[in-house]
file model.txt (compact mmCIF, C-alpha atoms)
# COMPACT_ATOMS: atom_id res chain seq x y z
CA MET A 297 -6.41 -19.10 -1.52
CA ILE A 298 -6.95 -15.85 -3.38
CA GLN A 299 -4.92 -12.75 -2.56
CA LYS A 300 -5.99 -9.30 -3.71
CA LYS A 301 -4.12 -6.04 -3.26
CA ILE A 302 -6.16 -2.98 -2.36
CA CYS A 303 -4.99 0.57 -1.62
CA LEU A 304 -6.24 3.42 0.54
CA LEU A 305 -5.77 6.88 -0.95
CA GLY A 306 -6.66 10.31 0.25
CA ALA A 307 -5.48 13.64 1.58
CA PHE A 308 -3.39 13.79 4.74
CA ALA A 309 -5.09 13.14 8.09
CA VAL A 310 -8.40 11.88 6.67
CA GLY A 311 -8.13 8.68 8.70
CA LYS A 312 -6.72 6.10 6.30
CA THR A 313 -4.42 4.49 8.85
CA SER A 314 -7.14 4.55 11.51
CA LEU A 315 -9.55 2.82 9.14
CA VAL A 316 -7.00 0.09 8.46
CA ALA A 317 -6.26 -0.33 12.17
CA ARG A 318 -9.98 -0.59 12.88
CA TYR A 319 -10.51 -3.12 10.11
CA VAL A 320 -7.41 -5.29 10.57
CA LYS A 321 -6.88 -5.08 14.31
CA SER A 322 -10.19 -3.72 15.66
CA ILE A 323 -8.38 -0.89 17.42
CA TYR A 324 -8.55 2.89 17.41
CA SER A 325 -6.23 5.55 18.79
CA ASP A 326 -6.58 9.32 18.97
CA GLN A 327 -2.85 9.69 18.50
CA TYR A 328 -1.93 11.01 15.07
CA LEU A 329 1.27 9.85 13.39
CA THR A 330 1.59 10.77 9.74
CA THR A 331 2.32 7.80 7.51
CA VAL A 332 5.66 7.81 5.72
CA GLY A 333 5.69 5.90 2.44
CA VAL A 334 3.22 3.05 2.79
CA LYS A 335 2.11 0.55 5.44
CA VAL A 336 1.11 -2.90 4.28
CA ASP A 337 -1.26 -5.11 6.25
CA LYS A 338 -3.31 -8.14 5.44
CA LYS A 339 -6.62 -9.61 6.47
CA SER A 340 -8.33 -12.82 5.44
CA ILE A 341 -12.07 -12.83 4.90
CA THR A 342 -14.61 -15.32 3.65
CA LEU A 343 -16.68 -14.24 0.68
CA ASN A 344 -19.27 -16.61 -0.79
CA ASP A 345 -17.58 -19.57 0.90
CA GLN A 346 -14.22 -18.56 -0.56
CA GLU A 347 -11.29 -17.40 1.55
CA ILE A 348 -9.72 -14.19 0.28
CA THR A 349 -6.71 -12.40 1.72
CA LEU A 350 -6.79 -8.66 1.27
CA ILE A 351 -3.33 -7.11 1.10
CA VAL A 352 -4.04 -3.58 2.29
CA TRP A 353 -1.67 -0.79 1.19
CA ASP A 354 -2.17 2.32 3.31
CA LEU A 355 -0.51 5.10 1.31
CA ALA A 356 0.84 8.33 2.80
CA GLY A 357 -1.64 11.14 2.35
CA GLU A 358 -1.39 13.82 -0.30
CA ASP A 359 -0.76 17.39 0.71
CA GLU A 360 0.82 20.52 -0.67
CA PHE A 361 4.31 19.14 -0.03
CA GLN A 362 4.02 15.60 -1.35
CA LYS A 363 1.97 13.76 -3.91
CA VAL A 364 0.81 10.17 -3.62
CA GLN A 365 3.34 7.94 -5.30
CA MET A 366 1.48 6.16 -8.08
CA ALA A 367 4.10 3.41 -8.21
CA TYR A 368 2.59 1.99 -5.02
CA LEU A 369 -0.60 1.30 -6.95
CA ARG A 370 1.05 -1.30 -9.16
CA GLY A 371 -0.98 -4.49 -9.18
CA THR A 372 -3.86 -3.13 -7.14
CA SER A 373 -7.24 -4.73 -7.76
CA GLY A 374 -9.28 -1.96 -6.18
CA TYR A 375 -9.00 1.03 -3.88
CA LEU A 376 -10.70 3.02 -1.18
CA LEU A 377 -10.74 6.79 -1.66
CA VAL A 378 -10.93 8.44 1.73
CA ALA A 379 -12.14 11.95 2.48
CA ASP A 380 -12.69 13.66 5.83
CA GLY A 381 -16.30 14.82 6.15
CA THR A 382 -15.22 17.75 8.32
CA ARG A 383 -12.82 19.09 5.65
CA GLY A 384 -14.52 19.85 2.36
CA ASN A 385 -11.32 20.22 0.36
CA THR A 386 -10.42 16.57 1.02
CA LEU A 387 -13.25 15.55 -1.31
CA GLU A 388 -11.63 17.51 -4.12
CA THR A 389 -8.34 15.78 -3.34
CA ALA A 390 -10.16 12.46 -3.54
CA ARG A 391 -11.54 13.37 -6.98
CA MET A 392 -8.06 14.27 -8.25
CA LEU A 393 -6.60 11.05 -6.86
CA SER A 394 -9.32 9.02 -8.52
CA GLN A 395 -8.50 10.68 -11.83
CA ARG A 396 -4.78 10.03 -11.47
CA THR A 397 -5.39 6.45 -10.39
CA SER A 398 -7.54 5.79 -13.44
CA GLU A 399 -4.77 7.18 -15.65
CA THR A 400 -2.21 4.95 -13.92
CA VAL A 401 -3.96 1.60 -13.46
CA GLY A 402 -7.11 1.93 -15.59
CA GLN A 403 -10.70 1.43 -14.47
CA ILE A 404 -10.81 -0.72 -11.35
CA PRO A 405 -13.37 -0.92 -8.54
CA PHE A 406 -13.26 1.78 -5.88
CA ILE A 407 -15.40 3.17 -3.09
CA LEU A 408 -15.42 6.69 -1.68
CA LEU A 409 -15.35 6.69 2.10
CA LEU A 410 -16.49 9.82 3.88
CA ASN A 411 -14.78 9.33 7.20
CA LYS A 412 -15.38 10.86 10.64
CA VAL A 413 -19.16 10.47 10.57
CA ASP A 414 -18.94 10.52 14.38
CA LEU A 415 -18.33 14.27 13.94
CA ILE A 416 -21.33 14.73 11.63
CA ASP A 417 -22.31 18.04 13.24
CA GLU A 418 -19.00 19.50 12.03
CA TRP A 419 -19.21 18.20 8.47
CA GLU A 420 -18.47 20.48 5.53
CA ILE A 421 -19.28 17.84 2.91
CA ASP A 422 -23.02 18.19 2.39
CA GLN A 423 -25.68 15.93 0.93
CA ARG A 424 -25.57 17.71 -2.43
CA ALA A 425 -21.85 16.92 -2.82
CA ILE A 426 -22.54 13.28 -1.92
CA GLU A 427 -25.35 13.08 -4.48
CA GLU A 428 -23.07 14.53 -7.14
CA CYS A 429 -20.61 11.70 -6.53
CA GLU A 430 -23.37 9.10 -6.58
CA ALA A 431 -24.73 10.56 -9.80
CA GLN A 432 -21.34 9.80 -11.37
CA GLY A 433 -21.79 6.16 -10.42
CA TRP A 434 -19.59 6.32 -7.36
CA THR A 435 -20.31 4.10 -4.35
CA VAL A 436 -20.20 6.32 -1.27
CA ILE A 437 -20.08 5.03 2.31
CA LYS A 438 -19.96 7.11 5.48
CA THR A 439 -17.50 5.69 7.97
CA SER A 440 -16.03 6.26 11.38
CA ALA A 441 -12.74 4.64 12.31
CA MET A 442 -13.48 5.68 15.88
CA THR A 443 -16.82 3.92 16.25
CA GLY A 444 -16.33 1.35 13.49
CA GLU A 445 -19.40 2.47 11.59
CA GLY A 446 -19.26 1.46 7.93
CA VAL A 447 -15.70 0.11 8.11
CA GLU A 448 -16.32 -3.60 7.76
CA GLU A 449 -18.98 -2.92 5.14
CA SER A 450 -16.58 -0.81 3.07
CA PHE A 451 -13.83 -3.38 2.82
CA THR A 452 -16.30 -6.21 2.22
CA ARG A 453 -18.12 -4.26 -0.52
CA LEU A 454 -14.83 -3.50 -2.25
CA ALA A 455 -13.82 -7.17 -2.09
CA GLU A 456 -17.17 -8.13 -3.59
CA MET A 457 -16.74 -5.60 -6.40
CA ILE A 458 -13.25 -6.95 -7.14
CA VAL A 459 -14.36 -10.58 -7.15
CA SER A 460 -17.37 -9.85 -9.34
CA MET A 461 -15.09 -8.32 -11.98
CA GLN A 462 -13.06 -11.51 -12.32
CA MET B 288 29.11 4.83 -10.89
CA ALA B 289 32.08 5.87 -12.98
CA GLU B 290 31.51 9.51 -12.03
CA LEU B 291 31.90 8.88 -8.28
CA PRO B 292 35.29 8.84 -6.55
CA SER B 293 36.36 5.39 -5.43
CA ASP B 294 36.29 6.28 -1.71
CA ILE B 295 32.64 7.33 -2.04
CA VAL B 296 31.79 4.16 -3.93
CA SER B 297 33.42 2.15 -1.16
CA TYR B 298 31.49 4.10 1.46
CA LEU B 299 28.19 3.47 -0.29
CA HIS B 300 28.96 -0.22 -0.63
CA HIS B 301 29.83 -0.44 3.06
CA LEU B 302 26.68 1.48 4.00
CA ALA B 303 24.42 -0.76 1.97
CA SER B 304 25.96 -4.08 2.96
CA THR B 305 26.66 -3.53 6.66
CA GLN B 306 24.52 -0.74 8.08
CA ARG B 307 21.44 -1.16 5.91
CA LYS B 308 21.66 -4.98 6.13
CA PRO B 309 19.86 -5.77 2.90
CA ALA B 310 17.49 -8.66 2.50
CA TRP B 311 17.41 -10.16 -0.94
CA MET B 312 15.63 -12.74 -2.97
CA ARG B 313 15.98 -14.15 -6.46
CA SER B 314 13.24 -15.71 -8.50
CA THR B 315 13.01 -17.49 -11.81
CA GLY B 316 11.47 -15.94 -14.90
CA ARG B 317 8.09 -17.21 -13.69
CA GLU B 318 8.41 -15.47 -10.32
CA GLN B 319 9.15 -18.69 -8.47
CA ALA B 320 11.47 -18.30 -5.52
CA ALA B 321 15.00 -19.51 -6.08
CA GLN B 322 17.28 -18.05 -3.41
CA CYS B 323 16.82 -15.64 -0.58
CA ARG B 324 18.40 -14.17 2.49
CA ARG B 325 16.28 -12.68 5.21
CA PRO B 326 17.89 -10.37 7.70
CA PRO B 327 17.48 -10.87 11.46
CA ASP B 328 14.96 -8.02 11.46
CA SER B 329 12.57 -10.21 9.49
CA LEU B 330 11.18 -7.81 6.94
CA TRP B 331 8.95 -10.66 5.92
CA PRO B 332 7.82 -13.44 8.26
CA ASP B 333 8.69 -16.70 6.51
CA GLY B 334 10.06 -18.34 3.40
CA PRO B 335 9.82 -18.08 0.55
CA ASP B 336 9.90 -21.75 -0.29
CA ARG B 337 11.85 -22.60 -3.39
CA GLY B 338 9.87 -23.28 -6.49
CA LYS B 339 6.75 -21.50 -5.24
CA GLN B 340 5.37 -18.17 -6.38
CA VAL B 341 6.94 -15.34 -4.43
CA GLY B 342 3.77 -13.24 -4.47
CA ASP B 343 1.91 -16.01 -2.68
CA GLN B 344 4.48 -16.22 0.10
CA VAL B 345 5.78 -12.71 0.61
CA TYR B 346 2.47 -10.90 0.80
CA PHE B 347 3.59 -7.40 -0.07
CA LEU B 348 4.88 -8.66 -3.41
CA GLU B 349 1.33 -9.57 -4.43
CA GLY B 350 0.35 -7.87 -7.67
CA LEU B 351 3.81 -6.50 -8.49
CA PHE B 352 4.55 -9.07 -11.19
CA PRO B 353 5.24 -9.27 -14.01
CA LEU B 354 7.32 -6.12 -14.07
CA GLU B 355 6.46 -3.63 -16.81
CA SER B 356 10.00 -2.28 -16.90
CA GLU B 357 13.45 -3.46 -15.90
CA ARG B 358 13.19 -1.88 -12.48
CA LEU B 359 10.62 -1.04 -9.87
CA ILE B 360 11.47 0.98 -6.78
CA LEU B 361 9.03 1.38 -3.90
CA PRO B 362 10.40 3.43 -1.03
CA ALA B 363 9.53 3.23 2.64
CA ILE B 364 7.41 0.09 2.77
CA GLN B 365 6.48 -0.78 6.32
CA THR B 366 5.21 -4.27 7.05
CA ASP B 367 4.44 -6.29 10.18
CA SER B 368 7.99 -5.92 11.36
CA GLY B 369 7.45 -2.18 11.80
CA LEU B 370 10.73 -1.51 10.05
CA PRO B 371 10.44 0.61 6.89
CA ALA B 372 12.46 -0.58 3.93
CA ASP B 373 13.02 0.48 0.36
CA LEU B 374 12.09 -2.25 -2.10
CA HIS B 375 14.08 -2.52 -5.31
CA ILE B 376 13.05 -5.09 -7.91
CA PHE B 377 15.11 -5.46 -11.03
CA ILE B 378 15.58 -7.94 -13.82
CA LEU B 379 18.87 -9.59 -14.63
CA ARG B 380 18.23 -10.29 -18.26
CA MET B 381 21.24 -12.48 -18.78
CA ALA B 382 20.23 -14.84 -16.01
CA ILE B 383 16.51 -14.41 -16.78
CA THR B 384 15.91 -13.96 -13.12
CA CYS B 385 14.34 -11.26 -11.06
CA SER B 386 16.12 -9.93 -8.03
CA PHE B 387 14.59 -8.23 -5.06
CA LEU B 388 16.45 -6.11 -2.68
CA MET B 389 15.08 -4.59 0.48
CA LEU B 390 17.13 -1.97 2.23
CA PRO B 391 15.90 -1.28 5.74
CA ASN B 392 15.91 2.40 6.53
CA ARG B 393 16.23 2.84 10.25
CA SER B 394 16.29 6.62 9.86
CA CYS B 395 12.52 6.33 9.33
CA ASN B 396 11.99 4.62 12.68
CA ARG B 397 9.86 6.56 15.11
CA ASP B 398 11.06 6.93 18.69

call {"tool": "encode", "arguments": {"input": "model.txt", "output": "structure tokens"}}
result
Amino acid sequence: MIQKKICLLGAFAVGKTSLVARYVKSIYSDQYLTTVGVKVDKKSITLNDQEITLIVWDLAGEDEFQKVQMAYLRGTSGYLLVADGTRGNTLETARMLSQRTSETVGQIPFILLLNKVDLIDEWEIDQRAIEECEAQGWTVIKTSAMTGEGVEESFTRLAEMIVSMQ
Amino acid sequence: MAELPSDIVSYLHHLASTQRKPAWMRSTGREQAAQCRRPPDSLWPDGPDRGKQVGDQVYFLEGLFPLESERLILPAIQTDSGLPADLHIFILRMAITCSFLMLPNRSCNRD
């Protein structure tokens, strides 16, 4: 059985933990508890008739008081960058984290998740910003941890990208 | 810790060994499990079985090996148990083994 470590990175309160809870346990809660350090979960999936266990590292969000600890990224095969569509500055945080991750672990597969698509009417991240990311070669997926939209697809796409690089 | 007074060294030793209740594991140079002690809190669910790769059995160790330096410290790792712990991995060069130490940090527990 193959095991692959993946990480979720992003600003604080963008929904990283909720995305993991939705993906691993199919649950969602409105209650917000900031993540301290890192939470590690796992989920087994079948990809092209091969069983793969994703070891999911949900890192504490970056804010003005604390930076993401790059040491947690050791050994990661890919990562999900998470931004909150209703907060435009979280996309800039995602860009900076992608840069720092590349400097730390090199070029590995990643996907940008624009979370909280259920609140699309309140979004600050517009189509032009999304197209700028896509023009750089980024894979961008709109997600909602609340409704589940795009969540399964995101993790599966990342796993496919990781496996195809082997 | 030559710069610390002996009573403080003793206090730290007592804190680490009794209140923090460390879990530890030793592996061979090829990251195969050799010895371990899991605490009652079960920071990891099972094993590891001797002679098998630790990363395959203790899932949060996946990808961490081989170490790039003599020490790796990852604070506040929370696994299935719900109990956050600081993970310390270091190499004992003389014994050509790798030791893992997890120190549960109950001060991080949420009420």

call {"tool": "residues_near_point", "arguments": {"input": "model.txt", "point": "(-13.9, 3.3, -1.9)", "cutoff": "6 Å", "atoms": "all atoms listed in the file", "output": "JSON, numbers by chain"}}
result
{"A": [375, 376, 377, 406, 407, 408, 409]}

call {"tool": "axis_aligned_box", "arguments": {"input": "model.txt", "around": "range 414-421 of chain A", "padding_each_side": "6 Å", "output": "JSON"}}
result
{"center_x": -20.3, "center_y": 15.5, "center_z": 8.6, "size_x": 16.0, "size_y": 22.0, "size_z": 23.5}

call {"tool": "closest_atom_pairs", "arguments": {"input": "model.txt", "of": "chain B", "to": "chain A", "cutoff": "9 Å", "atoms": "all atoms listed in the file", "output": "CSV"}}
result
residue,atom,partner,partner_atom,distance
B:Gly342,CA,A:Gln299,CA,8.9
B:Asp343,CA,A:Gln299,CA,7.6
B:Tyr346,CA,A:Ile351,CA,6.9
B:Phe347,CA,A:Val336,CA,6.7
B:Glu349,CA,A:Lys301,CA,6.6
B:Gly350,CA,A:Gly371,CA,3.9
B:Leu351,CA,A:Gly371,CA,5.2
B:Phe352,CA,A:Gly371,CA,7.5
B:Leu359,CA,A:Ala367,CA,8.1
B:Ile360,CA,A:Ala367,CA,7.9
B:Leu361,CA,A:Tyr368,CA,6.6
B:Pro362,CA,A:Gly333,CA,6.4
B:Ala363,CA,A:Gly333,CA,4.7
B:Ile364,CA,A:Val334,CA,5.1
B:Gln365,CA,A:Lys335,CA,4.7
B:Thr366,CA,A:Val336,CA,5.1
B:Asp367,CA,A:Asp337,CA,7.0
B:Gly369,CA,A:Lys335,CA,8.7
B:Pro371,CA,A:Gly333,CA,8.4
B:Cys395,CA,A:Val332,CA,7.9

call {"tool": "write_last_selection", "arguments": {"input": "model.txt", "atoms": "C-alpha atoms", "output": "PDB file, in the frame of the given file"}}
result
ATOM      1  CA  GLY B 342       3.770 -13.240  -4.470  1.00  0.00           C
ATOM      2  CA  ASP B 343       1.910 -16.010  -2.680  1.00  0.00           C
ATOM      3  CA  TYR B 346       2.470 -10.900   0.800  1.00  0.00           C
ATOM      4  CA  PHE B 347       3.590  -7.400  -0.070  1.00  0.00           C
ATOM      5  CA  GLU B 349       1.330  -9.570  -4.430  1.00  0.00           C
ATOM      6  CA  GLY B 350       0.350  -7.870  -7.670  1.00  0.00           C
ATOM      7  CA  LEU B 351       3.810  -6.500  -8.490  1.00  0.00           C
ATOM      8  CA  PHE B 352       4.550  -9.070 -11.190  1.00  0.00           C
ATOM      9  CA  LEU B 359      10.620  -1.040  -9.870  1.00  0.00           C
ATOM     10  CA  ILE B 360      11.470   0.980  -6.780  1.00  0.00           C
ATOM     11  CA  LEU B 361       9.030   1.380  -3.900  1.00  0.00           C
ATOM     12  CA  PRO B 362      10.400   3.430  -1.030  1.00  0.00           C
ATOM     13  CA  ALA B 363       9.530   3.230   2.640  1.00  0.00           C
ATOM     14  CA  ILE B 364       7.410   0.090   2.770  1.00  0.00           C
ATOM     15  CA  GLN B 365       6.480  -0.780   6.320  1.00  0.00           C
ATOM     16  CA  THR B 366       5.210  -4.270   7.050  1.00  0.00           C
ATOM     17  CA  ASP B 367       4.440  -6.290  10.180  1.00  0.00           C
ATOM     18  CA  GLY B 369       7.450  -2.180  11.800  1.00  0.00           C
ATOM     19  CA  PRO B 371      10.440   0.610   6.890  1.00  0.00           C
ATOM     20  CA  CYS B 395      12.520   6.330   9.330  1.00  0.00           C
TER      21      CYS B 395
END

call {"tool": "atom_distance", "arguments": {"input": "model.txt", "atom1": "CA of Glu347 in chain A", "atom2": "CA of Phe451 in chain A"}}
result
14.3 Å

call {"tool": "atom_distance", "arguments": {"input": "model.txt", "atom1": "CA of Val401 in chain A", "atom2": "CA of Ile341 in chain A"}}
result
24.7 Å

call {"tool": "atom_distance", "arguments": {"input": "model.txt", "atom1": "CA of Asp294 in chain B", "atom2": "CA of Arg358 in chain B"}}
result
26.8 Å

call {"tool": "residues_around", "arguments": {"input": "model.txt", "residues": "range 410-426 of chain A", "least_positions_apart": "3", "cutoff": "12 Å", "atoms": "only C-alpha atoms", "output": "PyMOL selection string"}}
result
chain A and resi 306-307+309-315+376-388+390-391+407+429-447+450

call {"tool": "write_last_selection", "arguments": {"input": "model.txt", "atoms": "C-alpha atoms", "output": "tab-separated table (two decimals), keeping the file's coordinate frame"}}
result
chain	number	residue	atom	x	y	z
A	306	GLY	CA	-6.66	10.31	0.25
A	307	ALA	CA	-5.48	13.64	1.58
A	309	ALA	CA	-5.09	13.14	8.09
A	310	VAL	CA	-8.40	11.88	6.67
A	311	GLY	CA	-8.13	8.68	8.70
A	312	LYS	CA	-6.72	6.10	6.30
A	313	THR	CA	-4.42	4.49	8.85
A	314	SER	CA	-7.14	4.55	11.51
A	315	LEU	CA	-9.55	2.82	9.14
A	376	LEU	CA	-10.70	3.02	-1.18
A	377	LEU	CA	-10.74	6.79	-1.66
A	378	VAL	CA	-10.93	8.44	1.73
A	379	ALA	CA	-12.14	11.95	2.48
A	380	ASP	CA	-12.69	13.66	5.83
A	381	GLY	CA	-16.30	14.82	6.15
A	382	THR	CA	-15.22	17.75	8.32
A	383	ARG	CA	-12.82	19.09	5.65
A	384	GLY	CA	-14.52	19.85	2.36
A	385	ASN	CA	-11.32	20.22	0.36
A	386	THR	CA	-10.42	16.57	1.02
A	387	LEU	CA	-13.25	15.55	-1.31
A	388	GLU	CA	-11.63	17.51	-4.12
A	390	ALA	CA	-10.16	12.46	-3.54
A	391	ARG	CA	-11.54	13.37	-6.98
A	407	ILE	CA	-15.40	3.17	-3.09
A	429	CYS	CA	-20.61	11.70	-6.53
A	430	GLU	CA	-23.37	9.10	-6.58
A	431	ALA	CA	-24.73	10.56	-9.80
A	432	GLN	CA	-21.34	9.80	-11.37
A	433	GLY	CA	-21.79	6.16	-10.42
A	434	TRP	CA	-19.59	6.32	-7.36
A	435	THR	CA	-20.31	4.10	-4.35
A	436	VAL	CA	-20.20	6.32	-1.27
A	437	ILE	CA	-20.08	5.03	2.31
A	438	LYS	CA	-19.96	7.11	5.48
A	439	THR	CA	-17.50	5.69	7.97
A	440	SER	CA	-16.03	6.26	11.38
A	441	ALA	CA	-12.74	4.64	12.31
A	442	MET	CA	-13.48	5.68	15.88
A	443	THR	CA	-16.82	3.92	16.25
A	444	GLY	CA	-16.33	1.35	13.49
A	445	GLU	CA	-19.40	2.47	11.59
A	446	GLY	CA	-19.26	1.46	7.93
A	447	VAL	CA	-15.70	0.11	8.11
A	450	SER	CA	-16.58	-0.81	3.07
